[in-house]
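Chemist: This is the structure I have questions about; it appears just below.
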Amino acid sequence: MDFKKKKLRLGDLLVQAGTITQEQLTRALEKQKKTGMKLGVTLVDEGIITEDDIAMALSRQLDIELVDLQNISVDSAVTKLVPVNILKKYTMIPFAFSETNKNVLRVAMENPLDTYAQEDISIITNYQVEPVVATTRSIMLAIDKYHGQSEMKSALSQYAKEKRLEIEEDVQEDEEINSSPIVKLVKEMIDLAVRQRASDIHIEPMEEYIRIRYRIDGVLQKRATYNVSVLPAIIARIKIIGGMDISEKRKPQDGRITQVVDHVEYDIRVSILPTVFGEKVVMRLTAKMALTREKSQLGLKPYELEQFDYILSNPHGILLVTGPTGSGKSTTLYTALSELNTNEVNIITVEDPVEANIDGINQVQVNPKADLTFASALRSILRQDPDIIMIGEIRDGETASIAVQASITGHLVVSTLHTNSAASSITRLEDMGVESYLIADSVIGVIAQRLVRRLCPICKKPRPATEEEKAFMGADTAEDITIYEPCGCAKCDNTGYKGRIGVYEIMKMTPALKKIISKRQGADVLKEKAMEEGMRTLRMSGSEYVLDGTTSFSEVVRISFDS
């Protein structure tokens with residue numbers, strides 16, 4: 001069966017299933033000719049269908065089972081049957097023997113029409129192959145789970161061998177750089193982190209070993225330990241791809257890496273800091289597309305969405321988004337900007353650093369060495385005829401006063417502050433030296449936000465809420481209330497949580513609140529009045545998620561302890 005014809009069969013099958021139209025298939029095939037990628041990947045890349053759609057259509061049309069590998073525990077005897085490079089080549093993984101016939105190996109495939117792959121596996125393992133369908137992501141995650149560490153270990157042992165060989169003979173400099181074990185190791189580390197939904201990778205030198213941790217859903221989880229001897233090689237590789245100085249080991253350094261993982265481009269910010277046992281590396285991962293989400297994906301409840309839209313419809317004024325580091329402020333700001341981004345307006349941002357490039361928006365990165373600070377950049381921006389200005393962060397009185405002036409002179413300014421609640425953001429501006437009557441005049445709304453982890457829907461377990469918990473959430477203590485606790489299963493990597501959701505406290509500016517601000521009556525009076533006028537605090541907003549089983553009580557205590 002020739003390659004083209006076999007690929008066309010997947011397309012024809014999707015057309016028969018009614019998942020895509022003939023025109024969409026033709027368009028995807030033309031694109032595929034240029035890129036040489038698989039048809040399924042091209043269809044997903046073009047946004048025509050999702051991986052789940054392909055898997056469901058294949059399952060239905062071919063009448064074969066659709067499996068979710070994250071809910072299945074694979075026997076170690078099965079994982080050793082096929083080398084990992086073959087699994088990745090065909091995007092497939094054997095996961096069990098057939099219950100009816102022990103000579104039949106069940107294999108999860110992204111494309112069960114690929115008979116070449118089935119023949120290959122059959123020859124390698126000496127078993128008959130029974131194909132089932134799984135999504136590409138599900139298969140890659142399973143390959144990482146059962147083979148990721150062994151791949152890294154083999155790369156490390158290969159590196160150790162080479163190091164010993166180098167003493168005896170000079171290794172050729174022009175050897176294929178991409179096949180070097182350390183290059184593979186660093187690439188594999190980033191790939192693994194992305195597939196496990198990590199936001200940061202920490203490479204930490206200890207006295208005797210190197211510790212690798214991933215931050216997943218806001219919590220650090222240990223993933224591996226390596227021999228301390230490989231640290232210099234890992235650091236050198238990261239410095240090369242991050243555009244940093246390899247010879248400088250005593251100063252902190254920053255860099256950027258772009259890497260494509262499973263056909264999605266990731267922007268990786270790297271920070272290197274010298275510690276007593278060597279240089280510590282933290283890599284922050286963001287998908288180029290992840291920051292600009294649909295408004296509906298932010299986790300705003302219907303009434304919050306209404307308030308958010310109302311604030312954004314103001315032609316001028318300041319919108320402040322506040323919260324600690326890692327509470328999703330940038331995502332909210334970028335989403336607001338994408339919403340406002342039309343051909344009729346000129347949007348300019350000043351950021352440190354620019355976190356995601358958005359088409360149609362002019363983005364400026366601050367550079368203190370060139371004397372381009374938030375304040376100096378803002379002054380220049382005001383001469384650029386802007387309609388909307390985004391300031392990455394208001395850090396000092398000078399930036400704050402320029403932002404206020406800009407908003408009063410007819411610009412819409414959106415920015416972030418590191419404060420705990422909506423009301424305390426106003427007092428923070430006063431502390432920075434901005435006159436209270438100017439704040440009252442310019443601020444149109446303040447959004448305080450946090451992220452809480454969502455409970456895993458598969459394994460969360462119910463329990464009755466205690467009196468104290470009901471009181472904390474403002475619920476009726478006489479009523480019987482069921483809340484949920486984390487448990488832990490294969491699907492959520494035994495953490496009990498999967499994914500995060502935003503919790504918001506939105507303070508819409510009203511004449512009564514303006515009066516309180518200009519009289520400088522303080523955050524407490526302001527908060528009380530805002531609640532009278534319908535503002536829901538972080539605690540109230542988070543408690544709703546506890547009562548409907550989205551998150552656990554402990555998560556809400558963590559984000560609203562001080563409120």
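Labels used: A, B, ... for chains in the order of the structure tokens, numbers from 1 for residues in each chain, and numbers from 1 for ligands as shown.
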Could you list, as a list in words, every residue within 6 Å of range 303-317 of chain A, counting only C-alpha atoms and ignoring same-chain residues fewer than 4 positions away?
Modeler: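 Within the cut-off, the hits are Ser407, Gly410, His411, Leu412, Ser442, Val443 and Ile444 of chain A.
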Chemist: I need the strand (DSSP E) residues of range 52-164 of chain A per DSSP on the backbone, written as number ranges by chain.
Modeler: A: 92-97, 104-109, 128-133
Chemist: Quick one: write out the picked residues with N, CA, C and O atoms as a PDB file, in the first residue's frame?
Modeler:
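The resulting part_22.pdb:
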ATOM      1  N   MET A  92       2.390   5.323  18.786  1.00  0.00           N
ATOM      2  CA  MET A  92       1.592   4.178  19.224  1.00  0.00           C
ATOM      3  C   MET A  92       2.225   3.586  20.470  1.00  0.00           C
ATOM      4  O   MET A  92       3.399   3.832  20.745  1.00  0.00           O
ATOM      5  N   ILE A  93       1.442   2.823  21.252  1.00  0.00           N
ATOM      6  CA  ILE A  93       2.027   2.158  22.430  1.00  0.00           C
ATOM      7  C   ILE A  93       1.238   0.889  22.750  1.00  0.00           C
ATOM      8  O   ILE A  93       0.012   0.917  22.856  1.00  0.00           O
ATOM      9  N   PRO A  94       1.940  -0.275  22.878  1.00  0.00           N
ATOM     10  CA  PRO A  94       1.255  -1.491  23.323  1.00  0.00           C
ATOM     11  C   PRO A  94       0.908  -1.323  24.805  1.00  0.00           C
ATOM     12  O   PRO A  94       1.710  -0.784  25.565  1.00  0.00           O
ATOM     13  N   PHE A  95      -0.296  -1.731  25.218  1.00  0.00           N
ATOM     14  CA  PHE A  95      -0.648  -1.494  26.626  1.00  0.00           C
ATOM     15  C   PHE A  95      -1.185  -2.729  27.351  1.00  0.00           C
ATOM     16  O   PHE A  95      -1.300  -2.731  28.571  1.00  0.00           O
ATOM     17  N   ALA A  96      -1.522  -3.808  26.618  1.00  0.00           N
ATOM     18  CA  ALA A  96      -2.023  -5.012  27.306  1.00  0.00           C
ATOM     19  C   ALA A  96      -2.078  -6.173  26.321  1.00  0.00           C
ATOM     20  O   ALA A  96      -2.041  -5.987  25.109  1.00  0.00           O
ATOM     21  N   PHE A  97      -2.157  -7.400  26.881  1.00  0.00           N
ATOM     22  CA  PHE A  97      -2.430  -8.563  26.044  1.00  0.00           C
ATOM     23  C   PHE A  97      -3.934  -8.749  25.982  1.00  0.00           C
ATOM     24  O   PHE A  97      -4.656  -8.390  26.916  1.00  0.00           O
ATOM     25  N   VAL A 104      -2.163 -12.213  21.312  1.00  0.00           N
ATOM     26  CA  VAL A 104      -2.564 -10.953  20.666  1.00  0.00           C
ATOM     27  C   VAL A 104      -2.215  -9.778  21.579  1.00  0.00           C
ATOM     28  O   VAL A 104      -2.575  -9.763  22.757  1.00  0.00           O
ATOM     29  N   LEU A 105      -1.488  -8.819  21.022  1.00  0.00           N
ATOM     30  CA  LEU A 105      -1.057  -7.639  21.775  1.00  0.00           C
ATOM     31  C   LEU A 105      -1.966  -6.461  21.406  1.00  0.00           C
ATOM     32  O   LEU A 105      -2.147  -6.151  20.226  1.00  0.00           O
ATOM     33  N   ARG A 106      -2.559  -5.819  22.415  1.00  0.00           N
ATOM     34  CA  ARG A 106      -3.421  -4.656  22.146  1.00  0.00           C
ATOM     35  C   ARG A 106      -2.545  -3.408  22.059  1.00  0.00           C
ATOM     36  O   ARG A 106      -1.765  -3.120  22.969  1.00  0.00           O
ATOM     37  N   VAL A 107      -2.680  -2.669  20.953  1.00  0.00           N
ATOM     38  CA  VAL A 107      -1.821  -1.496  20.717  1.00  0.00           C
ATOM     39  C   VAL A 107      -2.696  -0.265  20.491  1.00  0.00           C
ATOM     40  O   VAL A 107      -3.565  -0.261  19.622  1.00  0.00           O
ATOM     41  N   ALA A 108      -2.443   0.790  21.295  1.00  0.00           N
ATOM     42  CA  ALA A 108      -3.169   2.058  21.098  1.00  0.00           C
ATOM     43  C   ALA A 108      -2.453   2.843  20.008  1.00  0.00           C
ATOM     44  O   ALA A 108      -1.240   3.042  20.072  1.00  0.00           O
ATOM     45  N   MET A 109      -3.212   3.281  18.977  1.00  0.00           N
ATOM     46  CA  MET A 109      -2.607   3.985  17.834  1.00  0.00           C
ATOM     47  C   MET A 109      -3.363   5.282  17.548  1.00  0.00           C
ATOM     48  O   MET A 109      -4.573   5.348  17.738  1.00  0.00           O
ATOM     49  N   GLN A 128       0.568 -11.126  17.437  1.00  0.00           N
ATOM     50  CA  GLN A 128      -0.401 -10.489  16.533  1.00  0.00           C
ATOM     51  C   GLN A 128      -0.816  -9.157  17.160  1.00  0.00           C
ATOM     52  O   GLN A 128      -0.851  -9.035  18.383  1.00  0.00           O
ATOM     53  N   VAL A 129      -1.170  -8.196  16.296  1.00  0.00           N
ATOM     54  CA  VAL A 129      -1.517  -6.867  16.810  1.00  0.00           C
ATOM     55  C   VAL A 129      -3.019  -6.613  16.690  1.00  0.00           C
ATOM     56  O   VAL A 129      -3.611  -6.844  15.630  1.00  0.00           O
ATOM     57  N   GLU A 130      -3.618  -6.165  17.801  1.00  0.00           N
ATOM     58  CA  GLU A 130      -5.027  -5.747  17.764  1.00  0.00           C
ATOM     59  C   GLU A 130      -5.047  -4.237  18.012  1.00  0.00           C
ATOM     60  O   GLU A 130      -4.775  -3.784  19.126  1.00  0.00           O
ATOM     61  N   PRO A 131      -5.304  -3.411  16.937  1.00  0.00           N
ATOM     62  CA  PRO A 131      -5.242  -1.962  17.125  1.00  0.00           C
ATOM     63  C   PRO A 131      -6.478  -1.412  17.850  1.00  0.00           C
ATOM     64  O   PRO A 131      -7.587  -1.898  17.645  1.00  0.00           O
ATOM     65  N   VAL A 132      -6.269  -0.432  18.719  1.00  0.00           N
ATOM     66  CA  VAL A 132      -7.377   0.355  19.277  1.00  0.00           C
ATOM     67  C   VAL A 132      -6.998   1.826  19.080  1.00  0.00           C
ATOM     68  O   VAL A 132      -5.847   2.147  18.789  1.00  0.00           O
ATOM     69  N   VAL A 133      -7.948   2.734  19.252  1.00  0.00           N
ATOM     70  CA  VAL A 133      -7.695   4.153  18.994  1.00  0.00           C
ATOM     71  C   VAL A 133      -7.421   4.899  20.300  1.00  0.00           C
ATOM     72  O   VAL A 133      -8.046   4.618  21.317  1.00  0.00           O
TER      73      VAL A 133
END
Chemist: Identify, on the basis of only C-alpha atoms, every residue whose closest approach to Asp431 in chain A does not exceed 12 Å; exclude the query and any residue fewer than 6 positions from it along the same chain; express the result as a list of chain:residue names.
Modeler: A:Arg395, A:Asp396, A:Gly397, A:Ala400, A:Ser401, A:Ser424, A:Ser425, A:Ile439, A:Arg520, A:Gly522
Chemist: Keeping only C-alpha atoms, take the residues you just selected and write them out as an mmCIF file, in the first residue's frame.
Modeler:
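The resulting out.cif:
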data_model
loop_
_atom_site.group_PDB
_atom_site.id
_atom_site.type_symbol
_atom_site.label_atom_id
_atom_site.label_comp_id
_atom_site.auth_asym_id
_atom_site.auth_seq_id
_atom_site.Cartn_x
_atom_site.Cartn_y
_atom_site.Cartn_z
ATOM 1 C CA ARG A 395 5.932 49.588 40.387
ATOM 2 C CA ASP A 396 6.558 53.156 41.511
ATOM 3 C CA GLY A 397 4.954 56.557 42.046
ATOM 4 C CA ALA A 400 1.468 55.452 38.701
ATOM 5 C CA SER A 401 1.116 59.222 38.208
ATOM 6 C CA SER A 424 -6.227 47.648 49.041
ATOM 7 C CA SER A 425 -5.136 48.477 45.448
ATOM 8 C CA ILE A 439 -7.576 58.081 41.745
ATOM 9 C CA ARG A 520 -9.417 58.851 51.905
ATOM 10 C CA GLY A 522 -9.437 53.677 53.841
#
Chemist: Show me, as number ranges by chain, the residues that have an atom within 12 Å of range 82-87 of chain A when counting only C-alpha atoms, minus same-chain residues fewer than 4 positions from it.
Modeler: A: 76-78, 91-95, 105, 107-110, 116-118, 120-127, 136, 139-152, 154
Chemist: Run DSSP on the backbone and tell me which residues of range 55-107 of chain A come out as alpha helix (DSSP H); list them as a PyMOL selection string.
Modeler: chain A and resi 55-62+76-79+84-90
Chemist: Counting only C-alpha atoms, which of A:Ile210, A:Cys489, A:Ala155, A:Ile246 gets nearest to Phe277 in chain A?
Modeler: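 Closest residue, counting only C-alpha atoms: A:Ile210.
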Chemist: Near Ile216 in chain A, counting only C-alpha atoms, which residues have an atom at most 12 Å away, once you skip same-chain residues fewer than 5 positions from it, shown as a list in words?
Modeler: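 Counting only the stated atoms, we get Leu192, Ala193, Val194, Arg195, Gln196, Arg197, Ala198, Ser199, Asp200, Ile201, His202, Gln221, Lys222, Arg223, Arg284, Leu285, Gly326, Arg453, Cys492, Asp493, Thr495, Tyr497, Lys498, Gly499 and Arg500 of chain A.
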Chemist: Residues near Thr409 in chain A, anyone? I mean within 12 Å using only C-alpha atoms, not counting same-chain ones fewer than 3 positions away, as an NGL selection string.
Modeler: :A and (315-318 or 382 or 385-388 or 402-406 or 412-413 or 438 or 441-442)
Chemist: May I ask which of the residues A:Gln297, A:Thr42, A:Gln16, A:Gln363 is the closest one to Thr335 in chain A, counting only C-alpha atoms?
Modeler: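 Selected residue with least distance to Thr335 in chain A: A:Gln297.
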Chemist: Report, in Å to a single decimal, how far apart CA of Thr286 in chain A and CA of Ile54 in chain A are.
Modeler: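 Here the two named atoms are 26.1 Å from each other.
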Chemist: Of the residues A:Ala423, A:Lys251, A:Val503, A:Arg463, which is the one nearest to Gln521 in chain A, using only C-alpha atoms?
Modeler: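 Among the listed residues, the smallest separation from Gln521 in chain A belongs to A:Ala423.
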Chemist: CA of Thr331 in chain A and CA of Phe553 in chain A, how far apart in Å?
Modeler: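 It comes out at 24.9 Å.
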Chemist: If you measure from CA of Thr550 in chain A to CA of Pro486 in chain A, what distance in Å do you get, rounded to one decimal?
Modeler: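 A separation of 10.7 Å between them.
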Chemist: What's the 6 Å shell around range 233-243 of chain A, counting only C-alpha atoms, without same-chain residues fewer than 3 positions away, as a ChimeraX atom specification?
Modeler: /A:230,246,255-257
Chemist: Counting only C-alpha atoms, which residue out of A:Thr399, A:Ser330, A:Ser554, A:Thr416 sits closest to Arg379 in chain A?
Modeler: A:Thr399
Chemist: Can you work out which one of A:Arg383, A:Arg454, A:Lys38, A:Lys461 has the shortest atom-to-atom distance to Asp217 in chain A, counting only C-alpha atoms?
Modeler: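 Nearest candidate to Asp217 in chain A out of A:Arg383, A:Arg454, A:Lys38, A:Lys461: A:Arg454.
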